[in-house]
Amino acid sequence: MKKPVALVLASGGARGMAHIGVIEELERQNFKIASIAGCSFGAVVGGIYAAGHLSEFKEWLLKLDKMQVFKLMDLTLSKQGFIKGNKVFNEIKPFITDVKIEDLPIPFTSVAVDHRNSKEVIFDKGSLFDAIRASVSIPSILEPYRINGVDLVDGGVLNPIPVNLVKRTKNDILIAVNINALIPYIKPVKVNFEASGKEQNLVLAKQEFNVLWDKLFTKEKDLKEQYNAFKLLNQSYDLMQNRITDLYIEKHPPDIYVIISKYICSSFDFYKAAKIIQHGKDAFAVALAEYDKRIIEKYKKQK
């Protein structure tokens with residue numbers, strides 16, 4: 001029989017693509033996902049999986065390159081955020097399908113924040129699209145999502161890893177996936193190649209675009225280097241989420257805790273889907289091995 005799992009998927013921007021790898025490994029290892037709670041991009045992946053469209057969503061992500069990701073950013077001069085979010089959600093809406101959460105085959109919960117009243121807003125019924133869209137509105141970056149006159153922002157502000165919100169069933173295993181951990185990430189060695197002939201101009205254009213991207217979005221390797229306003233805001237938000245995550249995990253310890261380094265990529269590196277999804281699979285394998293070891297040791301002590 002498949003072991004039931006209560007799955008919790010944390011916030012963390014593009015690192016949330018690692019959740020796809022975790023889910024794929026859960027299925028491969030013969031686990032049954034009995035319920036899901038997600039925050040921010042964890043809500044995106046969890047909601048799309050619950051709706052039955054994760055494989056199509058994954059294929060779409062795998063086709064994105066850096067320029068396509070940039071084009072999905074509908075920049076605005078709004079004081080509430082510099083990205084509207086309409087372009088990207090128009091692209092992924094077919095994967096979400098605007099069904100009611102209570103009609104999904106898997107119980108699903110997401111969390112957003114009513115920042116004016118300083119409280120969580122929990123979605124476990126109603127529009128799946130609204131539940132996901134509200135949960136990803138990173139303050140000052142993505143414009144808040146208004147529902148019934150209330151502006152909602154990213155759930156990570158108060159609850160980046162909603163272990164306290166996932167629906168539990170008898171004898172299930174609680175699995176939480178933290179994609180914002182302050183642990184080292186060792187990048188694989190990149191293979192360089194030389195372009196020639198007509199490819200030269202294209203290579204140079206890509207190099208110039210990569211430099212621009214890194215200036216805007218990539219985490220600084222040297223902490224002494226000066227941050228721009230966006231990097232400082234992004235880094236501060238990640239640190240805040242990490243501290244809140246530690247407190248929630250301490251209060252609601254999961255059976256299996258999957259830890260993904262926040263340094264695997266920046267919050268907007270959605271063009272790195274293949275690498276990040278694979279990293280999710282690898283991280284789950286490590287966490288599962290640790291869990292199996294604890295179970296064996298517990299069994300030996302009982303004997």
# chains A, B, ... in the order shown; residues from 1 in each chain; ligands from 1
call {"tool": "select_by_dssp", "arguments": {"residues": "stretch 67-129 of chain A", "states": "strand (DSSP E)", "output": "number ranges by chain"}}
result
A: 81-83, 108-114, 119-123
call {"tool": "write_last_selection", "arguments": {"atoms": "N, CA and C atoms", "output": "PDB file, in the first residue's frame"}}
result
ATOM      1  N   GLY A  81       4.298  47.721  -6.519  1.00  0.00           N
ATOM      2  CA  GLY A  81       5.163  46.660  -7.016  1.00  0.00           C
ATOM      3  C   GLY A  81       5.577  46.982  -8.426  1.00  0.00           C
ATOM      4  N   PHE A  82       6.781  46.537  -8.851  1.00  0.00           N
ATOM      5  CA  PHE A  82       7.238  46.913 -10.186  1.00  0.00           C
ATOM      6  C   PHE A  82       6.893  45.874 -11.254  1.00  0.00           C
ATOM      7  N   ILE A  83       6.195  44.789 -10.858  1.00  0.00           N
ATOM      8  CA  ILE A  83       5.710  43.805 -11.828  1.00  0.00           C
ATOM      9  C   ILE A  83       4.212  43.604 -11.608  1.00  0.00           C
ATOM     10  N   PHE A 108      -6.317  20.851  -0.668  1.00  0.00           N
ATOM     11  CA  PHE A 108      -5.268  21.852  -0.921  1.00  0.00           C
ATOM     12  C   PHE A 108      -5.535  23.102  -0.096  1.00  0.00           C
ATOM     13  N   THR A 109      -4.448  23.672   0.428  1.00  0.00           N
ATOM     14  CA  THR A 109      -4.530  24.915   1.199  1.00  0.00           C
ATOM     15  C   THR A 109      -3.380  25.823   0.801  1.00  0.00           C
ATOM     16  N   SER A 110      -3.689  27.101   0.615  1.00  0.00           N
ATOM     17  CA  SER A 110      -2.625  28.088   0.408  1.00  0.00           C
ATOM     18  C   SER A 110      -2.837  29.236   1.385  1.00  0.00           C
ATOM     19  N   VAL A 111      -1.819  30.069   1.509  1.00  0.00           N
ATOM     20  CA  VAL A 111      -1.900  31.173   2.468  1.00  0.00           C
ATOM     21  C   VAL A 111      -1.398  32.459   1.826  1.00  0.00           C
ATOM     22  N   ALA A 112      -2.124  33.529   2.083  1.00  0.00           N
ATOM     23  CA  ALA A 112      -1.713  34.881   1.696  1.00  0.00           C
ATOM     24  C   ALA A 112      -1.791  35.748   2.943  1.00  0.00           C
ATOM     25  N   VAL A 113      -1.508  37.034   2.773  1.00  0.00           N
ATOM     26  CA  VAL A 113      -1.500  37.937   3.930  1.00  0.00           C
ATOM     27  C   VAL A 113      -2.272  39.210   3.609  1.00  0.00           C
ATOM     28  N   ASP A 114      -3.198  39.540   4.486  1.00  0.00           N
ATOM     29  CA  ASP A 114      -3.878  40.831   4.461  1.00  0.00           C
ATOM     30  C   ASP A 114      -2.973  41.799   5.223  1.00  0.00           C
ATOM     31  N   LYS A 119      -2.798  40.020   9.098  1.00  0.00           N
ATOM     32  CA  LYS A 119      -3.280  38.677   9.400  1.00  0.00           C
ATOM     33  C   LYS A 119      -3.189  37.766   8.175  1.00  0.00           C
ATOM     34  N   GLU A 120      -3.085  36.477   8.457  1.00  0.00           N
ATOM     35  CA  GLU A 120      -3.093  35.484   7.390  1.00  0.00           C
ATOM     36  C   GLU A 120      -4.486  35.358   6.791  1.00  0.00           C
ATOM     37  N   VAL A 121      -4.515  35.044   5.502  1.00  0.00           N
ATOM     38  CA  VAL A 121      -5.764  34.688   4.827  1.00  0.00           C
ATOM     39  C   VAL A 121      -5.563  33.290   4.264  1.00  0.00           C
ATOM     40  N   ILE A 122      -6.341  32.351   4.753  1.00  0.00           N
ATOM     41  CA  ILE A 122      -6.170  30.944   4.395  1.00  0.00           C
ATOM     42  C   ILE A 122      -7.191  30.554   3.332  1.00  0.00           C
ATOM     43  N   PHE A 123      -6.704  29.943   2.262  1.00  0.00           N
ATOM     44  CA  PHE A 123      -7.561  29.481   1.179  1.00  0.00           C
ATOM     45  C   PHE A 123      -7.641  27.953   1.208  1.00  0.00           C
TER      46      PHE A 123
END
call {"tool": "residues_around", "arguments": {"residues": "A:Ile96", "least_positions_apart": "4", "cutoff": "8 Å", "atoms": "only C-alpha atoms", "output": "list in words"}}
result
Gly47, Ile48, Ala51, His53, Ile92, Leu128 and Phe129 of chain A
call {"tool": "write_last_selection", "arguments": {"atoms": "all heavy atoms", "output": "PDB file, in the first residue's frame"}}
result
ATOM      1  N   GLY A  47      -0.900  23.642  -6.100  1.00  0.00           N
ATOM      2  CA  GLY A  47      -2.224  23.799  -6.681  1.00  0.00           C
ATOM      3  C   GLY A  47      -2.326  23.187  -8.060  1.00  0.00           C
ATOM      4  O   GLY A  47      -3.323  22.525  -8.392  1.00  0.00           O
ATOM      5  N   ILE A  48      -1.292  23.382  -8.879  1.00  0.00           N
ATOM      6  CA  ILE A  48      -1.293  22.801 -10.224  1.00  0.00           C
ATOM      7  C   ILE A  48      -1.239  21.280 -10.149  1.00  0.00           C
ATOM      8  O   ILE A  48      -1.906  20.578 -10.926  1.00  0.00           O
ATOM      9  CB  ILE A  48      -0.120  23.366 -11.052  1.00  0.00           C
ATOM     10  CG1 ILE A  48      -0.388  24.847 -11.375  1.00  0.00           C
ATOM     11  CG2 ILE A  48       0.088  22.573 -12.331  1.00  0.00           C
ATOM     12  CD1 ILE A  48       0.741  25.533 -12.101  1.00  0.00           C
ATOM     13  N   ALA A  51      -4.591  19.975  -9.246  1.00  0.00           N
ATOM     14  CA  ALA A  51      -5.503  20.096 -10.378  1.00  0.00           C
ATOM     15  C   ALA A  51      -5.187  19.100 -11.495  1.00  0.00           C
ATOM     16  O   ALA A  51      -5.943  18.991 -12.466  1.00  0.00           O
ATOM     17  CB  ALA A  51      -5.466  21.520 -10.933  1.00  0.00           C
ATOM     18  N   HIS A  53      -2.266  18.978 -13.471  1.00  0.00           N
ATOM     19  CA  HIS A  53      -1.599  19.515 -14.657  1.00  0.00           C
ATOM     20  C   HIS A  53      -0.116  19.792 -14.438  1.00  0.00           C
ATOM     21  O   HIS A  53       0.471  20.623 -15.132  1.00  0.00           O
ATOM     22  CB  HIS A  53      -2.291  20.805 -15.095  1.00  0.00           C
ATOM     23  CG  HIS A  53      -3.725  20.624 -15.475  1.00  0.00           C
ATOM     24  ND1 HIS A  53      -4.118  19.987 -16.637  1.00  0.00           N
ATOM     25  CD2 HIS A  53      -4.867  20.972 -14.832  1.00  0.00           C
ATOM     26  CE1 HIS A  53      -5.438  19.973 -16.712  1.00  0.00           C
ATOM     27  NE2 HIS A  53      -5.912  20.550 -15.620  1.00  0.00           N
ATOM     28  N   ILE A  92       0.209  30.806 -17.327  1.00  0.00           N
ATOM     29  CA  ILE A  92       0.069  29.594 -16.513  1.00  0.00           C
ATOM     30  C   ILE A  92      -1.369  29.290 -16.106  1.00  0.00           C
ATOM     31  O   ILE A  92      -1.641  28.225 -15.552  1.00  0.00           O
ATOM     32  CB  ILE A  92       0.960  29.652 -15.256  1.00  0.00           C
ATOM     33  CG1 ILE A  92       0.449  30.705 -14.261  1.00  0.00           C
ATOM     34  CG2 ILE A  92       2.408  29.902 -15.633  1.00  0.00           C
ATOM     35  CD1 ILE A  92       1.215  30.696 -12.957  1.00  0.00           C
ATOM     36  N   LEU A 128      -9.399  28.318  -7.080  1.00  0.00           N
ATOM     37  CA  LEU A 128      -8.001  27.884  -7.021  1.00  0.00           C
ATOM     38  C   LEU A 128      -7.092  28.974  -7.578  1.00  0.00           C
ATOM     39  O   LEU A 128      -6.019  29.232  -7.022  1.00  0.00           O
ATOM     40  CB  LEU A 128      -7.805  26.584  -7.803  1.00  0.00           C
ATOM     41  CG  LEU A 128      -6.362  26.070  -7.907  1.00  0.00           C
ATOM     42  CD1 LEU A 128      -5.809  25.729  -6.530  1.00  0.00           C
ATOM     43  CD2 LEU A 128      -6.280  24.863  -8.839  1.00  0.00           C
ATOM     44  N   PHE A 129      -7.517  29.610  -8.656  1.00  0.00           N
ATOM     45  CA  PHE A 129      -6.704  30.670  -9.241  1.00  0.00           C
ATOM     46  C   PHE A 129      -6.479  31.802  -8.238  1.00  0.00           C
ATOM     47  O   PHE A 129      -5.351  32.265  -8.055  1.00  0.00           O
ATOM     48  CB  PHE A 129      -7.366  31.227 -10.506  1.00  0.00           C
ATOM     49  CG  PHE A 129      -6.567  32.338 -11.144  1.00  0.00           C
ATOM     50  CD1 PHE A 129      -5.532  32.041 -12.011  1.00  0.00           C
ATOM     51  CD2 PHE A 129      -6.838  33.670 -10.862  1.00  0.00           C
ATOM     52  CE1 PHE A 129      -4.778  33.060 -12.593  1.00  0.00           C
ATOM     53  CE2 PHE A 129      -6.097  34.691 -11.437  1.00  0.00           C
ATOM     54  CZ  PHE A 129      -5.065  34.373 -12.306  1.00  0.00           C
TER      55      PHE A 129
END
call {"tool": "select_by_dssp", "arguments": {"residues": "stretch 46-186 of chain A", "states": "helix (DSSP H, G or I)", "output": "ChimeraX atom specification"}}
result
/A:46-50,54-62,66-71,86-96,101-103,128-135,155-157
call {"tool": "residues_around", "arguments": {"residues": "A:Ser35", "least_positions_apart": "5", "cutoff": "10 Å", "atoms": "only C-alpha atoms", "output": "list in words"}}
result
Pro4, Val5, Ala6, Leu7, Val8, Gly46, Ala50, Pro105, Ile106, Pro107, Phe108, Thr109, Val166, Lys167, Arg168, Thr169, Asp172 and Leu174 of chain A
call {"tool": "write_last_selection", "arguments": {"atoms": "N, CA, C and O atoms", "output": "CSV table (one decimal), in the first residue's frame"}}
result
chain,number,residue,atom,x,y,z
A,4,PRO,N,0.4,7.4,2.8
A,4,PRO,CA,-0.1,8.7,2.6
A,4,PRO,C,0.8,9.8,3.1
A,4,PRO,O,1.5,9.7,4.2
A,5,VAL,N,0.9,10.9,2.4
A,5,VAL,CA,1.8,12.0,2.7
A,5,VAL,C,1.0,13.3,2.8
A,5,VAL,O,0.1,13.6,2.0
A,6,ALA,N,1.2,14.1,3.9
A,6,ALA,CA,0.8,15.5,4.0
A,6,ALA,C,2.0,16.3,3.6
A,6,ALA,O,3.0,16.4,4.3
A,7,LEU,N,1.8,17.0,2.5
A,7,LEU,CA,3.0,17.7,1.8
A,7,LEU,C,2.9,19.2,2.0
A,7,LEU,O,1.9,19.8,1.7
A,8,VAL,N,4.0,19.8,2.5
A,8,VAL,CA,4.0,21.2,2.7
A,8,VAL,C,5.1,21.8,1.8
A,8,VAL,O,6.3,21.4,1.9
A,46,GLY,N,1.9,23.2,-5.8
A,46,GLY,CA,0.9,22.4,-5.2
A,46,GLY,C,-0.4,22.4,-5.8
A,46,GLY,O,-1.1,21.4,-5.9
A,50,ALA,N,-2.4,19.4,-7.7
A,50,ALA,CA,-3.7,19.0,-7.2
A,50,ALA,C,-4.8,19.0,-8.3
A,50,ALA,O,-5.7,18.2,-8.3
A,105,PRO,N,-9.3,16.7,-6.4
A,105,PRO,CA,-9.2,15.4,-5.8
A,105,PRO,C,-8.2,15.2,-4.6
A,105,PRO,O,-8.3,14.3,-3.9
A,106,ILE,N,-7.4,16.3,-4.4
A,106,ILE,CA,-6.5,16.3,-3.3
A,106,ILE,C,-6.8,17.5,-2.4
A,106,ILE,O,-6.8,18.7,-3.0
A,107,PRO,N,-7.0,17.4,-1.1
A,107,PRO,CA,-7.2,18.6,-0.3
A,107,PRO,C,-6.0,19.6,-0.4
A,107,PRO,O,-4.9,19.2,-0.3
A,108,PHE,N,-6.3,20.9,-0.7
A,108,PHE,CA,-5.3,21.9,-0.9
A,108,PHE,C,-5.5,23.1,-0.1
A,108,PHE,O,-6.7,23.5,0.0
A,109,THR,N,-4.4,23.7,0.4
A,109,THR,CA,-4.5,24.9,1.2
A,109,THR,C,-3.4,25.8,0.8
A,109,THR,O,-2.2,25.4,0.7
A,166,VAL,N,-1.7,22.3,6.7
A,166,VAL,CA,-1.9,21.1,5.9
A,166,VAL,C,-2.9,20.2,6.5
A,166,VAL,O,-2.9,20.0,7.8
A,167,LYS,N,-3.8,19.6,5.8
A,167,LYS,CA,-4.8,18.7,6.3
A,167,LYS,C,-4.1,17.4,6.6
A,167,LYS,O,-3.4,16.8,5.8
A,168,ARG,N,-4.4,16.8,7.7
A,168,ARG,CA,-3.7,15.6,8.2
A,168,ARG,C,-4.7,14.4,8.1
A,168,ARG,O,-6.0,14.6,8.3
A,169,THR,N,-4.2,13.3,7.8
A,169,THR,CA,-5.0,12.0,7.8
A,169,THR,C,-4.4,11.0,8.7
A,169,THR,O,-3.2,11.1,9.0
A,172,ASP,N,-0.6,9.3,8.3
A,172,ASP,CA,0.2,9.9,7.2
A,172,ASP,C,1.6,10.3,7.7
A,172,ASP,O,1.9,10.3,8.9
A,174,LEU,N,4.2,13.5,7.5
A,174,LEU,CA,4.3,14.9,7.3
A,174,LEU,C,5.7,15.2,6.6
A,174,LEU,O,6.7,15.0,7.2
call {"tool": "atom_distance", "arguments": {"atom1": "atom CA of A:Pro94", "atom2": "atom CA of A:Leu64"}}
result
16.5 Å
call {"tool": "atom_distance", "arguments": {"atom1": "atom CA of A:Pro254", "atom2": "atom CA of A:Asn180"}}
result
16.3 Å
call {"tool": "closest_residue", "arguments": {"among": "A:Tyr291, A:Ala10, A:Lys300, A:Ile36", "to": "A:Ile244", "atoms": "only C-alpha atoms"}}
result
A:Ala10
call {"tool": "residues_around", "arguments": {"residues": "stretch 266-277 of chain A", "least_positions_apart": "5", "cutoff": "6 Å", "atoms": "only C-alpha atoms", "output": "count of residues only"}}
result
11
call {"tool": "residues_around", "arguments": {"residues": "A:Lys2", "least_positions_apart": "2", "cutoff": "6 Å", "atoms": "only C-alpha atoms", "output": "list in words"}}
result
Asn30, Phe31 and Lys32 of chain A
call {"tool": "closest_residue", "arguments": {"among": "A:Ile23, A:Val99, A:Val88, A:Ala37", "to": "A:Leu61", "atoms": "only C-alpha atoms"}}
result
A:Val88
call {"tool": "closest_residue", "arguments": {"among": "A:Gly16, A:Gly38, A:Gly52, A:Gly280", "to": "A:Gly155", "atoms": "only C-alpha atoms"}}
result
A:Gly38
